[in-house]
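For reference, entry_5.txt (compact mmCIF, C-alpha atoms):
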```txt
# COMPACT_ATOMS: atom_id res chain seq x y z
CA MET Q 1 -39.25 -30.21 72.96
CA GLY Q 2 -42.03 -30.11 75.47
CA ALA Q 3 -42.87 -33.11 77.62
CA GLN Q 4 -46.33 -33.46 76.07
CA LEU Q 5 -44.99 -33.47 72.55
CA ARG Q 6 -42.31 -36.00 73.44
CA VAL Q 7 -44.94 -38.40 74.82
CA TYR Q 8 -46.98 -38.17 71.62
CA LYS Q 9 -43.94 -38.68 69.43
CA ARG Q 10 -42.99 -41.77 71.39
CA ARG Q 11 -46.46 -43.26 71.03
CA ILE Q 12 -46.52 -42.58 67.31
CA ARG Q 13 -43.22 -44.41 66.96
CA SER Q 14 -44.45 -47.45 68.81
CA VAL Q 15 -47.75 -47.60 66.93
CA THR Q 16 -45.85 -47.31 63.64
CA ALA Q 17 -43.75 -50.30 64.61
CA THR Q 18 -46.87 -52.27 65.51
CA LYS Q 19 -48.46 -51.31 62.22
CA LYS Q 20 -45.46 -52.63 60.32
CA ILE Q 21 -45.71 -55.95 62.14
CA THR Q 22 -49.45 -56.37 61.57
CA LYS Q 23 -49.04 -55.41 57.94
CA ALA Q 24 -46.39 -58.12 57.51
CA MET Q 25 -48.59 -60.67 59.27
CA GLU Q 26 -51.48 -59.74 57.02
CA MET Q 27 -49.41 -60.35 53.92
CA ILE Q 28 -48.05 -63.65 55.22
CA ALA Q 29 -51.57 -64.82 56.06
CA ALA Q 30 -52.81 -63.77 52.62
CA SER Q 31 -50.17 -65.86 50.89
CA ARG Q 32 -50.91 -68.81 53.19
CA VAL Q 33 -54.62 -68.70 52.40
CA VAL Q 34 -53.84 -69.16 48.74
CA LYS Q 35 -51.54 -72.06 49.55
CA ALA Q 36 -54.11 -73.69 51.79
CA GLN Q 37 -56.81 -73.24 49.18
CA ARG Q 38 -54.59 -74.94 46.64
CA LYS Q 39 -54.16 -77.86 49.01
CA VAL Q 40 -57.92 -78.14 49.45
CA ALA Q 41 -58.27 -78.23 45.67
CA ALA Q 42 -55.51 -80.84 45.35
CA SER Q 43 -57.21 -83.15 47.84
CA THR Q 44 -60.57 -82.92 46.07
CA PRO Q 45 -60.08 -85.64 43.39
CA TYR Q 46 -59.25 -88.25 46.02
CA ALA Q 47 -62.20 -87.26 48.21
CA GLN Q 48 -64.53 -87.29 45.23
CA GLU Q 49 -63.44 -90.70 44.00
CA LEU Q 50 -63.67 -92.09 47.51
CA THR Q 51 -67.18 -90.71 47.96
CA ARG Q 52 -68.17 -92.27 44.66
CA ALA Q 53 -66.77 -95.61 45.74
CA VAL Q 54 -68.54 -95.48 49.11
CA THR Q 55 -71.80 -94.64 47.36
CA ALA Q 56 -71.24 -97.48 44.93
CA VAL Q 57 -70.76 -100.06 47.67
CA GLY Q 58 -73.54 -98.63 49.78
CA THR Q 59 -76.12 -98.66 47.03
CA GLY Q 60 -74.81 -101.63 45.07
CA SER Q 61 -74.87 -104.13 47.88
CA ASN Q 62 -76.93 -104.85 50.96
CA THR Q 63 -73.92 -104.94 53.20
CA LYS Q 64 -74.39 -104.03 56.82
CA HIS Q 65 -71.45 -102.46 58.54
CA PRO Q 66 -71.06 -101.03 62.05
CA LEU Q 67 -69.99 -97.75 60.51
CA THR Q 68 -73.17 -97.36 58.48
CA THR Q 69 -75.81 -98.73 60.84
CA GLU Q 70 -77.28 -96.48 63.46
CA ALA Q 71 -77.36 -97.72 67.03
CA GLU Q 72 -80.88 -98.06 68.36
CA ASN Q 73 -80.16 -96.13 71.52
CA PRO Q 74 -77.05 -94.11 71.03
CA THR Q 75 -75.60 -93.39 74.46
CA ARG Q 76 -72.16 -92.06 73.68
CA ALA Q 77 -70.90 -89.72 71.05
CA ALA Q 78 -67.49 -88.37 70.13
CA VAL Q 79 -67.06 -84.76 69.09
CA LEU Q 80 -63.94 -83.76 67.19
CA LEU Q 81 -63.27 -80.04 67.43
CA LEU Q 82 -60.82 -78.40 65.04
CA THR Q 83 -59.19 -75.21 66.26
CA SER Q 84 -55.82 -73.63 65.53
CA ASP Q 85 -52.56 -73.67 67.44
CA ARG Q 86 -52.14 -69.93 67.38
CA GLY Q 87 -54.48 -67.07 67.95
CA LEU Q 88 -54.50 -63.61 66.37
CA ALA Q 89 -57.30 -64.77 64.14
CA GLY Q 90 -60.24 -62.75 65.37
CA ALA Q 91 -63.22 -64.85 66.38
CA PHE Q 92 -62.05 -67.92 64.49
CA ASN Q 93 -61.35 -70.14 67.48
CA SER Q 94 -64.11 -68.86 69.70
CA ASN Q 95 -66.66 -69.47 66.94
CA ALA Q 96 -65.51 -73.07 66.51
CA ILE Q 97 -65.50 -73.62 70.27
CA LYS Q 98 -68.96 -72.09 70.57
CA ALA Q 99 -70.28 -74.38 67.84
CA ALA Q 100 -68.76 -77.38 69.61
CA GLU Q 101 -70.32 -76.36 72.91
CA GLN Q 102 -73.73 -75.96 71.33
CA LEU Q 103 -73.43 -79.37 69.73
CA THR Q 104 -72.29 -80.95 73.00
CA GLU Q 105 -75.21 -79.40 74.82
CA ARG Q 106 -77.65 -80.69 72.20
CA LEU Q 107 -76.22 -84.19 72.32
CA GLU Q 108 -76.32 -84.23 76.10
CA ARG Q 109 -79.93 -83.08 76.05
CA GLU Q 110 -80.66 -86.04 73.82
CA GLY Q 111 -79.17 -88.27 76.49
CA ARG Q 112 -75.74 -88.95 75.09
CA GLN Q 113 -72.47 -88.85 76.87
CA VAL Q 114 -69.97 -86.80 74.94
CA ASP Q 115 -66.26 -87.50 74.53
CA THR Q 116 -64.37 -84.50 73.21
CA TYR Q 117 -61.37 -84.79 70.91
CA ILE Q 118 -59.53 -81.60 70.14
CA VAL Q 119 -57.13 -80.49 67.43
CA GLY Q 120 -55.19 -77.28 68.09
CA ARG Q 121 -53.70 -75.73 71.21
CA ARG Q 122 -56.32 -72.98 71.41
CA GLY Q 123 -59.23 -75.33 71.83
CA LEU Q 124 -57.30 -77.46 74.27
CA ALA Q 125 -56.37 -74.43 76.38
CA HIS Q 126 -60.03 -73.40 76.46
CA TYR Q 127 -61.13 -76.81 77.72
CA ASN Q 128 -58.25 -77.21 80.16
CA PHE Q 129 -58.87 -73.80 81.69
CA ARG Q 130 -62.46 -74.81 82.38
CA GLU Q 131 -61.24 -78.18 83.64
CA ARG Q 132 -63.35 -80.13 81.20
CA LYS Q 133 -62.41 -83.62 80.23
CA VAL Q 134 -60.72 -84.05 76.87
CA ALA Q 135 -60.49 -87.59 75.53
CA GLU Q 136 -57.52 -86.87 73.30
CA SER Q 137 -55.87 -83.85 71.76
CA PHE Q 138 -53.53 -83.16 68.86
CA ALA Q 139 -51.47 -80.09 68.12
CA GLY Q 140 -48.58 -78.79 66.09
CA PHE Q 141 -49.84 -79.15 62.53
CA THR Q 142 -52.90 -76.94 62.20
CA ASP Q 143 -51.20 -74.41 59.91
CA GLU Q 144 -50.28 -76.95 57.28
CA PRO Q 145 -51.92 -80.30 57.94
CA SER Q 146 -50.67 -83.32 56.00
CA TYR Q 147 -52.52 -86.51 55.24
CA ALA Q 148 -50.42 -88.31 57.85
CA ASP Q 149 -51.74 -85.86 60.46
CA ALA Q 150 -55.30 -86.62 59.42
CA LYS Q 151 -54.59 -90.33 59.82
CA LYS Q 152 -53.18 -89.70 63.28
CA VAL Q 153 -56.32 -87.83 64.29
CA ALA Q 154 -58.65 -90.38 62.73
CA ALA Q 155 -57.02 -93.48 64.25
CA PRO Q 156 -58.31 -93.16 67.86
CA LEU Q 157 -61.72 -92.06 66.58
CA ILE Q 158 -62.12 -95.06 64.32
CA GLU Q 159 -60.93 -97.29 67.12
CA ALA Q 160 -63.48 -95.77 69.50
CA ILE Q 161 -66.35 -96.21 67.07
CA GLU Q 162 -65.46 -99.81 66.36
CA LYS Q 163 -65.40 -100.66 70.06
CA GLU Q 164 -68.58 -101.74 71.82
CA THR Q 165 -70.27 -98.88 73.62
CA ALA Q 166 -70.18 -100.74 76.93
CA GLU Q 167 -66.39 -101.01 76.70
CA GLY Q 168 -65.88 -97.30 76.25
CA GLY Q 169 -66.61 -97.05 72.54
CA VAL Q 170 -68.86 -94.45 70.96
CA ASP Q 171 -71.96 -94.74 68.78
CA GLU Q 172 -71.61 -91.53 66.85
CA LEU Q 173 -68.87 -89.31 65.59
CA HIS Q 174 -69.42 -85.61 65.04
CA ILE Q 175 -66.95 -83.10 63.72
CA VAL Q 176 -66.89 -79.35 64.26
CA TYR Q 177 -64.73 -77.31 61.91
CA THR Q 178 -64.66 -73.98 60.16
CA GLU Q 179 -65.85 -74.19 56.61
CA PHE Q 180 -64.03 -72.00 54.12
CA VAL Q 181 -66.82 -70.38 52.15
CA SER Q 182 -64.87 -67.50 50.67
CA MET Q 183 -62.05 -65.14 51.52
CA MET Q 184 -64.48 -63.04 53.57
CA THR Q 185 -66.79 -65.71 54.96
CA GLN Q 186 -65.88 -68.68 57.09
CA THR Q 187 -68.51 -70.43 59.14
CA ALA Q 188 -68.14 -72.89 61.97
CA VAL Q 189 -70.17 -75.96 61.09
CA ASP Q 190 -70.84 -79.29 62.71
CA SER Q 191 -71.63 -82.45 60.87
CA ARG Q 192 -72.11 -86.09 61.72
CA LEU Q 193 -69.38 -88.20 60.23
CA LEU Q 194 -70.53 -91.57 61.50
CA PRO Q 195 -72.68 -93.54 61.33
CA LEU Q 196 -72.70 -92.70 57.69
CA SER Q 197 -76.02 -92.12 56.07
CA LEU Q 198 -75.54 -93.27 52.52
CA ASP Q 199 -78.31 -91.08 51.14
CA GLU Q 200 -76.46 -88.06 52.35
CA VAL Q 201 -73.22 -89.25 50.79
CA ALA Q 202 -75.03 -89.89 47.54
CA THR Q 203 -76.43 -86.36 47.39
CA GLU Q 204 -73.02 -85.02 48.32
CA SER Q 205 -71.19 -86.63 45.46
CA ALA Q 206 -71.13 -84.39 42.45
CA THR Q 207 -72.64 -86.94 40.09
CA LYS Q 208 -76.18 -87.04 41.37
CA ASP Q 209 -78.13 -88.09 38.34
CA GLU Q 210 -75.72 -90.72 37.25
CA ILE Q 211 -76.82 -94.32 37.67
CA LEU Q 212 -74.05 -96.26 39.32
CA PRO Q 213 -72.99 -99.43 37.57
CA LEU Q 214 -73.22 -102.80 39.26
CA TYR Q 215 -69.75 -103.30 40.55
CA ASP Q 216 -67.89 -106.52 40.86
CA PHE Q 217 -66.29 -106.41 44.31
CA GLU Q 218 -62.82 -107.68 44.86
CA PRO Q 219 -62.49 -109.61 47.21
CA SER Q 220 -66.04 -109.02 48.53
CA ALA Q 221 -68.41 -106.16 49.21
CA GLU Q 222 -67.89 -106.47 52.99
CA ASP Q 223 -64.14 -106.39 52.70
CA VAL Q 224 -64.23 -103.43 50.35
CA LEU Q 225 -66.51 -101.53 52.69
CA ASP Q 226 -64.33 -102.49 55.64
CA ALA Q 227 -61.33 -101.00 53.91
CA LEU Q 228 -63.18 -98.03 52.43
CA LEU Q 229 -64.90 -96.54 55.44
CA PRO Q 230 -61.85 -95.77 57.57
CA ARG Q 231 -60.25 -94.19 54.48
CA TYR Q 232 -63.42 -92.22 53.93
CA VAL Q 233 -63.36 -90.91 57.50
CA GLU Q 234 -59.68 -90.03 57.16
CA SER Q 235 -60.28 -88.19 53.95
CA ARG Q 236 -63.18 -86.26 55.47
CA ILE Q 237 -61.06 -85.31 58.47
CA TYR Q 238 -58.22 -84.33 56.14
CA ASN Q 239 -60.55 -82.13 54.16
CA ALA Q 240 -61.90 -80.55 57.36
CA LEU Q 241 -58.34 -79.92 58.60
CA LEU Q 242 -57.41 -78.24 55.34
CA GLN Q 243 -60.52 -76.09 55.29
CA SER Q 244 -59.98 -75.16 58.89
CA ALA Q 245 -56.40 -74.14 58.11
CA ALA Q 246 -57.51 -72.04 55.13
CA SER Q 247 -60.20 -70.42 57.27
CA LYS Q 248 -57.72 -69.68 60.02
CA HIS Q 249 -55.38 -67.92 57.64
CA ALA Q 250 -58.24 -65.95 56.13
CA ALA Q 251 -59.41 -64.95 59.61
CA THR Q 252 -55.86 -63.93 60.55
CA ARG Q 253 -55.59 -61.88 57.41
CA ARG Q 254 -58.80 -60.07 58.20
CA ALA Q 255 -57.90 -59.50 61.84
CA MET Q 256 -54.47 -58.20 60.88
CA LYS Q 257 -55.93 -55.97 58.21
CA SER Q 258 -58.24 -54.29 60.70
CA ALA Q 259 -55.35 -54.03 63.17
CA THR Q 260 -53.28 -52.28 60.48
CA ASP Q 261 -56.18 -49.96 59.66
CA ASN Q 262 -56.69 -49.17 63.34
CA ALA Q 263 -53.00 -48.47 63.79
CA GLY Q 264 -53.14 -46.07 60.83
CA GLU Q 265 -56.08 -44.25 62.36
CA LEU Q 266 -54.36 -44.09 65.72
CA ILE Q 267 -51.27 -42.64 64.10
CA ASN Q 268 -53.40 -39.96 62.44
CA THR Q 269 -55.11 -39.02 65.69
CA LEU Q 270 -51.81 -38.96 67.55
CA SER Q 271 -50.13 -36.82 64.88
CA ARG Q 272 -52.97 -34.29 65.15
CA LEU Q 273 -52.59 -34.21 68.92
CA ALA Q 274 -48.84 -33.89 68.55
CA ASN Q 275 -49.28 -31.01 66.09
CA ALA Q 276 -51.67 -29.27 68.46
CA ALA Q 277 -49.22 -29.78 71.30
CA ARG Q 278 -46.38 -28.36 69.22
CA GLN Q 279 -48.51 -25.40 68.20
CA ALA Q 280 -49.55 -24.77 71.79
CA GLU Q 281 -45.91 -24.87 72.78
CA ILE Q 282 -45.00 -22.27 70.14
CA THR Q 283 -47.92 -20.05 71.09
CA GLN Q 284 -46.89 -20.25 74.70
CA GLU Q 285 -43.29 -19.41 73.83
CA ILE Q 286 -44.39 -16.38 71.79
CA SER Q 287 -46.66 -15.13 74.51
CA GLU Q 288 -43.86 -15.64 76.99
CA ILE Q 289 -41.48 -13.58 74.82
CA VAL Q 290 -44.07 -10.88 74.21
CA GLY Q 291 -44.95 -10.83 77.89
CA GLY Q 292 -41.26 -10.68 78.84
CA ALA Q 293 -40.56 -7.93 76.32
CA SER Q 294 -43.49 -5.80 77.45
CA ALA Q 295 -42.51 -6.32 81.09
CA LEU Q 296 -38.97 -5.18 80.18
CA ALA Q 297 -40.38 -2.19 78.28
CA ASP Q 298 -42.57 -1.30 81.27
CA ALA Q 299 -39.58 -1.55 83.59
CA ASN Q 300 -37.42 0.61 81.31
CA ALA Q 301 -40.21 3.18 80.94
CA GLY Q 302 -40.44 3.27 84.76
CA SER Q 303 -36.68 3.90 85.21
CA ASP Q 304 -36.70 6.71 82.63
CA ASN Q 305 -39.16 8.65 84.68
CA MET R 1 -61.22 -102.71 20.06
CA ALA R 2 -63.01 -100.51 22.51
CA ALA R 3 -61.75 -97.06 23.26
CA ASP R 4 -58.83 -96.68 25.58
CA LEU R 5 -59.09 -96.57 29.33
CA HIS R 6 -59.05 -93.25 31.03
CA VAL R 7 -56.84 -93.71 34.05
CA ALA R 8 -56.52 -91.44 37.06
CA LEU R 9 -53.97 -92.30 39.71
CA VAL R 10 -54.90 -90.19 42.70
CA ALA R 11 -53.07 -89.88 46.01
CA ALA R 12 -54.66 -88.36 49.09
CA ASP R 13 -53.14 -84.96 48.53
CA ARG R 14 -52.63 -84.74 44.76
CA GLU R 15 -53.34 -86.28 41.39
CA VAL R 16 -50.25 -88.31 40.56
CA TRP R 17 -50.94 -89.30 36.98
CA SER R 18 -53.84 -89.27 34.57
CA GLY R 19 -54.16 -90.15 30.94
CA GLU R 20 -55.18 -92.76 28.41
CA ALA R 21 -54.03 -96.35 28.69
CA THR R 22 -54.64 -99.74 27.14
CA LEU R 23 -53.85 -101.94 30.15
CA VAL R 24 -53.49 -101.46 33.87
CA VAL R 25 -52.06 -104.13 36.13
CA ALA R 26 -52.46 -103.75 39.89
CA ARG R 27 -52.25 -105.98 42.92
CA THR R 28 -55.45 -106.48 44.88
CA THR R 29 -55.75 -108.39 48.13
CA SER R 30 -56.74 -111.48 46.19
CA GLY R 31 -54.02 -111.32 43.58
CA ASP R 32 -52.86 -109.35 40.58
CA ILE R 33 -55.54 -108.02 38.30
CA GLY R 34 -55.26 -106.65 34.80
CA VAL R 35 -57.86 -104.26 33.49
CA MET R 36 -58.37 -103.60 29.81
CA PRO R 37 -60.97 -101.43 28.11
CA GLY R 38 -64.46 -102.83 28.42
CA HIS R 39 -63.84 -104.65 31.69
CA GLN R 40 -66.78 -105.31 33.96
CA PRO R 41 -67.34 -102.58 36.60
CA LEU R 42 -64.96 -103.37 39.42
CA LEU R 43 -64.18 -102.14 42.89
CA GLY R 44 -61.26 -103.73 44.67
CA VAL R 45 -58.93 -103.25 47.60
CA LEU R 46 -55.30 -102.78 46.63
CA GLU R 47 -52.30 -104.27 48.32
CA SER R 48 -49.14 -102.32 48.56
CA GLY R 49 -47.40 -103.04 45.28
CA PRO R 50 -46.27 -101.67 41.96
CA VAL R 51 -48.94 -100.64 39.47
CA THR R 52 -48.11 -100.87 35.79
CA ILE R 53 -49.94 -98.72 33.27
CA ARG R 54 -49.44 -99.26 29.53
CA THR R 55 -50.25 -95.94 27.98
CA SER R 56 -51.95 -95.52 24.60
CA ASP R 57 -48.80 -94.18 22.98
CA GLY R 58 -46.91 -97.35 23.82
CA GLY R 59 -45.10 -96.16 26.92
CA THR R 60 -45.17 -97.68 30.36
CA VAL R 61 -45.80 -95.91 33.62
CA VAL R 62 -44.90 -97.68 36.82
CA ALA R 63 -45.94 -96.39 40.21
CA ALA R 64 -45.49 -97.61 43.75
CA VAL R 65 -48.87 -97.64 45.45
CA HIS R 66 -49.28 -98.23 49.15
CA GLY R 67 -52.76 -99.41 49.96
CA GLY R 68 -55.91 -98.00 48.44
CA PHE R 69 -58.58 -98.94 45.94
CA ILE R 70 -59.11 -99.63 42.31
CA SER R 71 -62.42 -98.74 40.78
CA PHE R 72 -63.44 -99.18 37.20
CA ALA R 73 -66.64 -98.24 35.38
CA ASP R 74 -67.53 -96.80 31.97
CA ASN R 75 -63.94 -97.16 30.77
CA LYS R 76 -62.84 -94.85 33.56
CA LEU R 77 -60.37 -96.35 35.94
CA SER R 78 -59.41 -94.70 39.21
CA LEU R 79 -56.62 -95.83 41.42
CA LEU R 80 -56.98 -94.29 44.86
CA ALA R 81 -54.03 -94.51 47.16
CA GLU R 82 -53.00 -92.84 50.35
CA ILE R 83 -49.46 -92.70 49.05
CA ALA R 84 -48.53 -93.14 45.42
CA GLU R 85 -45.27 -92.34 43.68
CA LEU R 86 -44.29 -92.61 40.06
CA SER R 87 -41.19 -94.69 39.48
CA ASP R 88 -39.12 -91.71 38.35
CA GLU R 89 -40.03 -89.84 41.52
CA ILE R 90 -38.57 -92.58 43.67
CA ASP R 91 -35.20 -92.00 45.22
CA VAL R 92 -33.60 -95.43 44.86
CA GLN R 93 -30.80 -94.81 47.30
CA ARG R 94 -33.19 -93.60 49.92
CA ALA R 95 -35.47 -96.57 49.39
CA GLU R 96 -32.48 -98.91 49.76
CA ARG R 97 -31.47 -97.23 53.00
CA GLU R 98 -35.07 -97.50 54.20
CA LEU R 99 -35.12 -101.17 53.32
CA GLU R 100 -31.98 -101.87 55.30
CA ARG R 101 -33.18 -99.89 58.26
CA ALA R 102 -36.56 -101.62 58.18
CA LYS R 103 -34.88 -105.03 58.03
CA ALA R 104 -32.65 -104.16 60.96
CA GLU R 105 -35.59 -102.95 63.01
CA GLY R 106 -37.86 -105.78 61.92
CA ASP R 107 -40.53 -103.33 60.76
CA ALA R 108 -42.47 -105.44 58.27
CA HIS R 109 -44.59 -102.54 56.98
CA ALA R 110 -41.69 -100.25 56.27
CA GLU R 111 -39.80 -103.14 54.70
CA ARG R 112 -42.69 -103.84 52.38
CA ARG R 113 -43.03 -100.17 51.47
CA ALA R 114 -39.35 -99.84 50.63
CA ASP R 115 -39.42 -103.11 48.70
CA VAL R 116 -42.36 -101.96 46.61
CA ARG R 117 -40.61 -98.68 45.88
CA LEU R 118 -37.49 -100.47 44.73
CA ARG R 119 -39.40 -102.84 42.53
CA ALA R 120 -41.36 -100.02 40.95
CA ALA R 121 -38.15 -98.12 40.33
CA ALA R 122 -36.55 -101.23 38.76
CA GLY R 123 -39.52 -101.73 36.45
CA ARG R 124 -39.39 -98.30 34.90
```

Rewrite the structure from the file as C-alpha cells, please.
Amino acid sequence: MGAQLRVYKRRIRSVTATKKITKAMEMIAASRVVKAQRKVAASTPYAQELTRAVTAVGTGSNTKHPLTTEAENPTRAAVLLLTSDRGLAGAFNSNAIKAAEQLTERLEREGRQVDTYIVGRRGLAHYNFRERKVAESFAGFTDEPSYADAKKVAAPLIEAIEKETAEGGVDELHIVYTEFVSMMTQTAVDSRLLPLSLDEVATESATKDEILPLYDFEPSAEDVLDALLPRYVESRIYNALLQSAASKHAATRRAMKSATDNAGELINTLSRLANAARQAEITQEISEIVGGASALADANAGSDN
Amino acid sequence: MAADLHVALVAADREVWSGEATLVVARTTSGDIGVMPGHQPLLGVLESGPVTIRTSDGGTVVAAVHGGFISFADNKLSLLAEIAELSDEIDVQRAERELERAKAEGDAHAERRADVRLRAAAGR
C-alpha cells in the first residue's frame, strides 16, 4: 500500500471512531431530554398550586412584605446565572452567559451594583478566567437537579434579599436561564424573581379569569406570606434548573447530531480521496510495468541487431 | 351532604396522591385542623406531621408531610409539601435508624422528621 493511501485509511478509521462516540452521545442526550422533560412536567402541579396560593394571599390581603415591595432606590441586585457543568452543548452556555452579561450591563447602567451567583462549572470557569467576582457558585447537579439542590441555591439568595442593603443585602433578584421551548428551540431568558410583582404572578397562573375566593388565613396572612414566598422562590429556581437541564440535553443532542453528520461527510470525502489515491497508485504501477516492458523490448530489439 | 372533597397531595417534584375524600386532618402551625366538604376557603401553613385523609370509599390514607401549605377553596383541597410520603412508602426500619441517629446527634429537625414518618407509618 502506498504511503498516501495509508494516511487516508488511518484518518478514516479515526473519524469512524469519533462518529461512533458522537452518535452514542447523541442518543444518550436524546433519552435524557425526555427524562428531564418528564421532571419538568412532574414539578408543574406544585408550582401551579404555589402560584395560586401566592396570588391568593397577594390579592386577598393588604399585606406588605419585603419580598413584594419594591425598594425606592434599588442599589444592589443579585443575578443568578444557570449554566451546565459540562460542555459539548453547542452555544448553550455561551448564550446563557451572554444573556447574563447583557442583563448585568443594563442593571449597572441603571446604577445598581450586581452580585453574581452561578450554577454550573462552565459559567464559573468563564467568570474566573476573566477574574470577575462571583458571590457564590454551585456545581455538580446540573444534569439532574433535585429539589434539595434548588433549596441549596435559593438559601443564600433569600438570605441576601432579606438583609438590609447597607449590610450587604440586595434589593432585587434576577435569574438567567435557558428556557426549553421545544426540542429544537431553547432560548436564554432573564426574569426578575424578586421583588415579586403580584400582577405578573396573577397573569402567569393558568386560571386567569377565575375570581379567587376570600381565604381564611391560618395563622395569619403575614405568616402565610412569610412562609410562602421563600417556597415560591425555591420552586421557581427548581423549575428554572429543570428547564435549563432539559435545554442542555437538547442542545447536546443537536450538537452531537451535527458532529455525527459532519463525521459522515468527512468519511465520504476521505474515502473518495483514498479511492483516487488507490487508483493513481494502480495507474502508476501499470505505467511502470508497461514502461519497463517496452524498455526491455527496446533493449532486446537492440541486441538482436 | 355536600359533594366530596377533591384532594391533591403534591410534593415539589411529583403528585403524591389525589382523589376524593370526606375528611382531611392536617397539622398547621396553630394546631390540628380538619377540613370537610363545604369548609370556608382556607390557606394555612403546615407543620411537619402526619396528614390523614378519609377517602370517599371508606379507606384511610396517611402521609408524612414535612412543611408546606394547605389550601382549600371550592371543595378543592391542595396539600403542598416539599417532601411528602405516603405511609406505605415509608421504610420503617430506615426511619427508626434515622430517629436514633438524630437523637444521638441532637439534630432536632431530623428527629422530628423521622418521628413523623414513624407515626404516619403506624397510623396506616

Original post:
What gap, in Å, lies between CA of Asp143 (chain Q) and CA of Ser247 (chain Q)?
Top reply: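 So the two atoms, CA of Asp143 (chain Q) and CA of Ser247 (chain Q), lie 10.2 Å apart.
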
**OP:** Kindly determine which residues of chain R lie within 6 Å of chain Q, considering only C-alpha atoms, and give the answer as a PyMOL selection string.
**Re:** chain R and resi 10+12-14+41-45

Adding 4 Å on each side of the box along x, y and z that holds all listed atoms of region 50-58 of chain R, could you give its centre and edge lengths in Å to one decimal, as AutoDock Vina command-line options?
```
--center_x -49.1 --center_y -97.9 --center_z 32.5 --size_x 13.7 --size_y 15.5 --size_z 27.0
```

**OP:** Could you please determine the separation between CA of Lys248 (chain Q) and CA of Ser84 (chain Q) in Å, to one decimal place?
**Re:** 7.0 Å

**OP:** Please identify all polymer residues within 8 Å of region 99-101 of chain R, counting all atoms listed in the file, omitting same-chain residues fewer than 5 positions from it, and present them as a list in words.
**Re:**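 Contacts, with the query itself left out: Ala110, Glu111, Ala114 and Asp115 of chain R.
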
Subject >> Close residues, region 180-192 of chain Q itself excluded, 9 Å, only C-alpha atoms, min 6 positions apart in chain, as a VMD selection string >> reply: chain Q and resid 33 37 81 92 95 to 100 103 172 to 174 243 to 248 250 to 251 254

Subject >> Of the listed residues R:Ser71, R:Ser56, R:Gln40, R:Ser48, that which approaches Glu85 (chain R) most closely, counting all atoms listed in the file >> reply: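 For Glu85 (chain R), the nearest of the candidates is R:Ser48.
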
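Remark: for Leu82 (chain Q), the closest of the candidate residues Q:Glu131, Q:Glu179, Q:Glu222, Q:Glu110 is Q:Glu179 (distances computed over only C-alpha atoms).
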
**OP:** Might you pull out every residue within 12 Å of Ser31 (chain Q), with all atoms listed in the file counted and same-chain residues fewer than 3 positions away left off, and present them as a list in words?
**Re:**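 So the residues in contact are Ala24, Met25, Glu26, Met27, Ile28, Val34, Lys35, Ala36, Gln37, Arg38, Met183, Ala246, His249, Ala250, Thr252 and Arg253 of chain Q.
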